[in-house]
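Notes follow once the structure below has been shown.
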Amino acid sequence: MALQDRILFEDNHLIAVNKLPGELVQGDKTGDTPLSDSIKYYLKRKYNKPGNVYLGVLHRIDRPTSGVVIFARTSKAASRMSQSFKEKKIDKSYLAIVPKSPEIEIPEMIRNFLKKNEKQNKSYVSETPKEGYKEGITHVETLDKSDRYQLLKLKIMTGRHHQIRAQLSNLGLPIKGDLKYGSKRSNQDGSIDLHANEIGFVHPVKKEYLKIFAPHPKGIWDIFTVKY
């Protein structure tokens, strides 16, 4: 899908895009073209801008994950939005497809402790406080079920590394396709079925509350009924 067809919101201060699974938000050692570069090229062409285009990367979601990502188009917006992220004033929710498992009771709130292993790029969960572990809080709602899977909506209250992936795996419900966290098989395209579907925040300049929704990918997601 072309970038312009994935733009969810755009004004003079911000641009929000529905990231594809497998797409990088920001450049890394792989050398693959990141979403940030694609947006700069789009803005340069659309507004016929000479020279370099400013784009502030405000946050990231994992490469195999899809969903809404917001970028700043001005340094003022970047500074104010970065402060909002730092102060946890951004509301974020995700959709996840996990195995259907009647014997596992899904709590309305997952509250435990996580620690990132840098070498493995993986987080581990402890049910009790430990040195180096940080508290992770996620609210969970079951939206729909199929014969083999269930669709969850997750609202994260803390932004820990791989928080949702690690916490669901710890429950015995790894996200579909997430081999790193215990899924039995990968998805054909290398994605995991985790989608950042909604983000809400106070606009950094207009001071109005803004909520942005990102349609989920096609495929297995379509077997579920998603109500916003």
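Residue numbering restarts at 1 for every chain of the structure tokens, chains are lettered A, B, ... in their displayed order, and ligands are numbered from 1 as they appear.
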Restrict the calculation to only C-alpha atoms, then for each residue of range 57-161 of chain A with any atom at most 10 Å from an atom of range 189-192 of chain A give the closest atom pair and their distance in Å to one decimal, rows by chain and rising residue number, as JSON lines.
```
{"residue": "A:Asp62", "atom": "CA", "partner": "A:Ile192", "partner_atom": "CA", "distance": 9.6}
{"residue": "A:Arg63", "atom": "CA", "partner": "A:Ser191", "partner_atom": "CA", "distance": 8.1}
{"residue": "A:Pro64", "atom": "CA", "partner": "A:Ser191", "partner_atom": "CA", "distance": 4.4}
{"residue": "A:Thr65", "atom": "CA", "partner": "A:Ile192", "partner_atom": "CA", "distance": 5.9}
{"residue": "A:Ser66", "atom": "CA", "partner": "A:Ser191", "partner_atom": "CA", "distance": 8.3}
{"residue": "A:Ala96", "atom": "CA", "partner": "A:Ile192", "partner_atom": "CA", "distance": 8.8}
{"residue": "A:Ile97", "atom": "CA", "partner": "A:Ile192", "partner_atom": "CA", "distance": 8.8}
```
Output the selection as a compact mmCIF listing (two decimals), in the first residue's frame - N, CA and C atoms for each residue.
```txt
# COMPACT_ATOMS: atom_id res chain seq x y z
N ASP A 62 7.75 -2.01 17.43
CA ASP A 62 8.63 -3.08 16.95
C ASP A 62 8.44 -3.32 15.46
N ARG A 63 9.53 -3.71 14.81
CA ARG A 63 9.51 -3.91 13.36
C ARG A 63 8.41 -4.89 12.90
N PRO A 64 8.20 -6.05 13.56
CA PRO A 64 7.16 -6.96 13.07
C PRO A 64 5.74 -6.53 13.41
N THR A 65 5.60 -5.44 14.16
CA THR A 65 4.30 -4.93 14.58
C THR A 65 3.80 -3.88 13.59
N SER A 66 2.49 -3.78 13.45
CA SER A 66 1.89 -2.75 12.58
C SER A 66 1.18 -1.71 13.43
N ALA A 96 -4.22 -7.56 19.70
CA ALA A 96 -3.35 -8.73 19.59
C ALA A 96 -4.18 -9.98 19.37
N ILE A 97 -3.68 -10.85 18.50
CA ILE A 97 -4.30 -12.16 18.28
C ILE A 97 -3.48 -13.20 19.03
```
Determine, counting only C-alpha atoms, which protein, DNA and RNA residues have an atom within 12 Å of an atom of Lys184 in chain A; residues of the same chain fewer than 3 positions away are not included. Present the result as an NGL selection string. :A and (98-99 or 169 or 172-181 or 187)
For those residues, write C-alpha atoms to a file as a PDB file, in the first residue's frame.
```pdb
ATOM      1  CA  VAL A  98      -3.462 -14.961  20.730  1.00  0.00           C
ATOM      2  CA  PRO A  99      -4.410 -18.656  20.979  1.00  0.00           C
ATOM      3  CA  SER A 169       3.748 -14.925  26.724  1.00  0.00           C
ATOM      4  CA  GLY A 172       0.781 -18.730  28.276  1.00  0.00           C
ATOM      5  CA  LEU A 173      -0.783 -16.765  25.398  1.00  0.00           C
ATOM      6  CA  PRO A 174       2.027 -15.751  23.009  1.00  0.00           C
ATOM      7  CA  ILE A 175       1.005 -13.457  20.159  1.00  0.00           C
ATOM      8  CA  LYS A 176       0.399 -15.303  16.899  1.00  0.00           C
ATOM      9  CA  GLY A 177       3.631 -15.412  14.865  1.00  0.00           C
ATOM     10  CA  ASP A 178       5.848 -14.243  17.748  1.00  0.00           C
ATOM     11  CA  LEU A 179       8.509 -16.983  17.810  1.00  0.00           C
ATOM     12  CA  LYS A 180      10.706 -14.957  20.178  1.00  0.00           C
ATOM     13  CA  TYR A 181       8.033 -15.174  22.848  1.00  0.00           C
ATOM     14  CA  ASN A 187       3.701 -15.868  10.116  1.00  0.00           C
TER      15      ASN A 187
END
```
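The shortest atom-to-atom distance to Phe9 in chain A, with only C-alpha atoms taken into account, belongs to A:Ile199 out of A:Ser101, A:Ile199, A:Asp222, A:Asp144.
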Write out as a PyMOL selection string the residues lying within 10 Å of range 18-28 of chain A, counting only C-alpha atoms and excluding same-chain residues fewer than 2 positions away. chain A and resi 1+3+5-9+16+30-38+57+59-71+189-197+213-217
Would you give me, as a tab-separated table (two decimals) with N, CA and C atoms, in the first residue's frame, the residues in range 107-194 of chain A that DSSP reads as alpha helix (DSSP H)?
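Written output follows (result_30.tsv):
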```tsv
chain	number	residue	atom	x	y	z
A	163	GLN	N	6.70	-4.95	26.23
A	163	GLN	CA	5.81	-5.17	27.37
A	163	GLN	C	4.66	-6.13	27.07
A	164	ILE	N	3.89	-5.85	26.03
A	164	ILE	CA	2.73	-6.69	25.71
A	164	ILE	C	3.17	-8.09	25.31
A	165	ARG	N	4.20	-8.18	24.49
A	165	ARG	CA	4.68	-9.48	24.01
A	165	ARG	C	5.13	-10.37	25.17
A	166	ALA	N	5.89	-9.79	26.09
A	166	ALA	CA	6.41	-10.57	27.22
A	166	ALA	C	5.31	-10.93	28.21
A	167	GLN	N	4.41	-10.00	28.48
A	167	GLN	CA	3.35	-10.27	29.46
A	167	GLN	C	2.36	-11.32	28.96
A	168	LEU	N	1.98	-11.26	27.68
A	168	LEU	CA	1.07	-12.27	27.15
A	168	LEU	C	1.74	-13.64	27.09
A	169	SER	N	3.00	-13.66	26.73
A	169	SER	CA	3.75	-14.92	26.72
A	169	SER	C	3.80	-15.52	28.13
A	170	ASN	N	4.00	-14.66	29.12
A	170	ASN	CA	4.06	-15.11	30.51
A	170	ASN	C	2.74	-15.71	30.99
A	171	LEU	N	1.64	-15.25	30.38
A	171	LEU	CA	0.32	-15.82	30.70
A	171	LEU	C	0.11	-17.18	30.04
```
By how many Å are CA of Asn12 in chain A and CA of Lys92 in chain A apart? 22.6 Å
Spatial neighbours of Leu154 in chain A, 8 Å, only C-alpha atoms, chain gap at least 5 places, as a list in words: Ser93, Tyr94, Leu95, Ala96, Thr138, His139, Val140, Glu141 and Ile164 of chain A
Kindly export the residues of the current selection with C-alpha atoms, as a PDB file, in the first residue's frame.
```pdb
ATOM      1  CA  SER A  93      -3.852   0.790  22.808  1.00  0.00           C
ATOM      2  CA  TYR A  94      -3.059  -2.310  20.775  1.00  0.00           C
ATOM      3  CA  LEU A  95      -4.886  -5.265  19.276  1.00  0.00           C
ATOM      4  CA  ALA A  96      -3.347  -8.732  19.592  1.00  0.00           C
ATOM      5  CA  THR A 138      -1.432  -3.370  30.949  1.00  0.00           C
ATOM      6  CA  HIS A 139      -5.240  -3.331  30.872  1.00  0.00           C
ATOM      7  CA  VAL A 140      -6.769  -6.181  28.850  1.00  0.00           C
ATOM      8  CA  GLU A 141     -10.156  -6.646  27.184  1.00  0.00           C
ATOM      9  CA  ILE A 164       2.733  -6.690  25.711  1.00  0.00           C
TER      10      ILE A 164
END
```
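Minimum distance to Leu210 in chain A across A:Lys46, A:Tyr133, A:Asp91, A:Asn52 (counting only C-alpha atoms) occurs at A:Asp91.
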Distance query Met81 in chain A at most 8 Å, only C-alpha atoms, self and fewer than 4 positions along chain excluded, as a PyMOL selection string: chain A and resi 58+72+77+85+204
Give me a file of those residues, with N, CA and C atoms, as a CSV table (one decimal), in the first residue's frame.
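As a result, selection.csv now contains:
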```csv
chain,number,residue,atom,x,y,z
A,58,LEU,N,9.2,10.5,17.3
A,58,LEU,CA,8.7,10.7,18.6
A,58,LEU,C,8.7,9.4,19.4
A,72,ALA,N,6.8,14.3,14.2
A,72,ALA,CA,6.7,15.8,14.3
A,72,ALA,C,7.2,16.4,13.1
A,77,ALA,N,6.9,21.2,17.9
A,77,ALA,CA,5.9,20.0,18.1
A,77,ALA,C,6.7,18.8,18.6
A,85,PHE,N,5.2,12.3,25.9
A,85,PHE,CA,5.5,10.9,26.0
A,85,PHE,C,6.3,10.6,27.3
A,204,PRO,N,0.0,19.3,20.4
A,204,PRO,CA,1.1,20.2,21.0
A,204,PRO,C,0.9,21.7,20.7
```
For Leu43 in chain A, find every residue with an atom within 10 Å (counting only C-alpha atoms), except residues of its own chain fewer than 5 positions away, and show them as a short mmCIF file (atom, residue, chain, number, x, y, z; two decimals) with N, CA and C atoms, in the first residue's frame.
```cif
data_model
loop_
_atom_site.label_atom_id
_atom_site.label_comp_id
_atom_site.auth_asym_id
_atom_site.auth_seq_id
_atom_site.Cartn_x
_atom_site.Cartn_y
_atom_site.Cartn_z
N ILE A 15 2.43 14.39 11.68
CA ILE A 15 1.94 13.45 10.67
C ILE A 15 1.91 12.06 11.31
N ASP A 37 12.31 7.96 6.56
CA ASP A 37 12.86 8.45 5.29
C ASP A 37 11.77 8.54 4.21
N SER A 38 10.88 7.57 4.21
CA SER A 38 9.79 7.58 3.22
C SER A 38 8.88 8.78 3.43
N ASN A 48 6.97 20.55 -2.24
CA ASN A 48 8.04 21.09 -3.07
C ASN A 48 9.11 21.81 -2.23
N LYS A 49 9.54 21.13 -1.19
CA LYS A 49 10.48 21.73 -0.23
C LYS A 49 11.92 21.61 -0.73
N VAL A 53 14.27 17.97 4.76
CA VAL A 53 12.96 18.08 5.40
C VAL A 53 13.11 17.67 6.85
N TYR A 54 12.59 18.50 7.77
CA TYR A 54 12.64 18.15 9.19
C TYR A 54 11.55 17.11 9.52
N LEU A 55 11.93 16.10 10.27
CA LEU A 55 10.96 15.12 10.76
C LEU A 55 11.47 14.57 12.08
N ARG A 73 6.53 17.44 12.61
CA ARG A 73 6.98 18.17 11.42
C ARG A 73 7.72 19.45 11.78
#
```
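Ranking A:Gln188, A:Lys76, A:Pro102, A:Val202 by their shortest atom-to-atom distance to Gly219 in chain A, with only C-alpha atoms included, puts A:Gln188 first.
Each of A:Leu114, A:Ile212, A:Ile220, A:Ile90 was checked against Gln150 in chain A using only C-alpha atoms; the smallest atom-to-atom distance is that of A:Ile220.
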For the atom pair CA of Lys134 in chain A and CA of Phe113 in chain A, what is the interatomic distance in Å to one decimal place? 5.1 Å
In range 118-211 of chain A, DSSP strand (DSSP E) residues written as number ranges by chain: A: 122-126, 134-145, 149-156, 194-202, 209-211
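When only C-alpha atoms are used to compute distances to Arg148 in chain A, the closest of the residues A:Val205, A:Ala78, A:Met109, A:Ile223 turns out to be A:Ile223.
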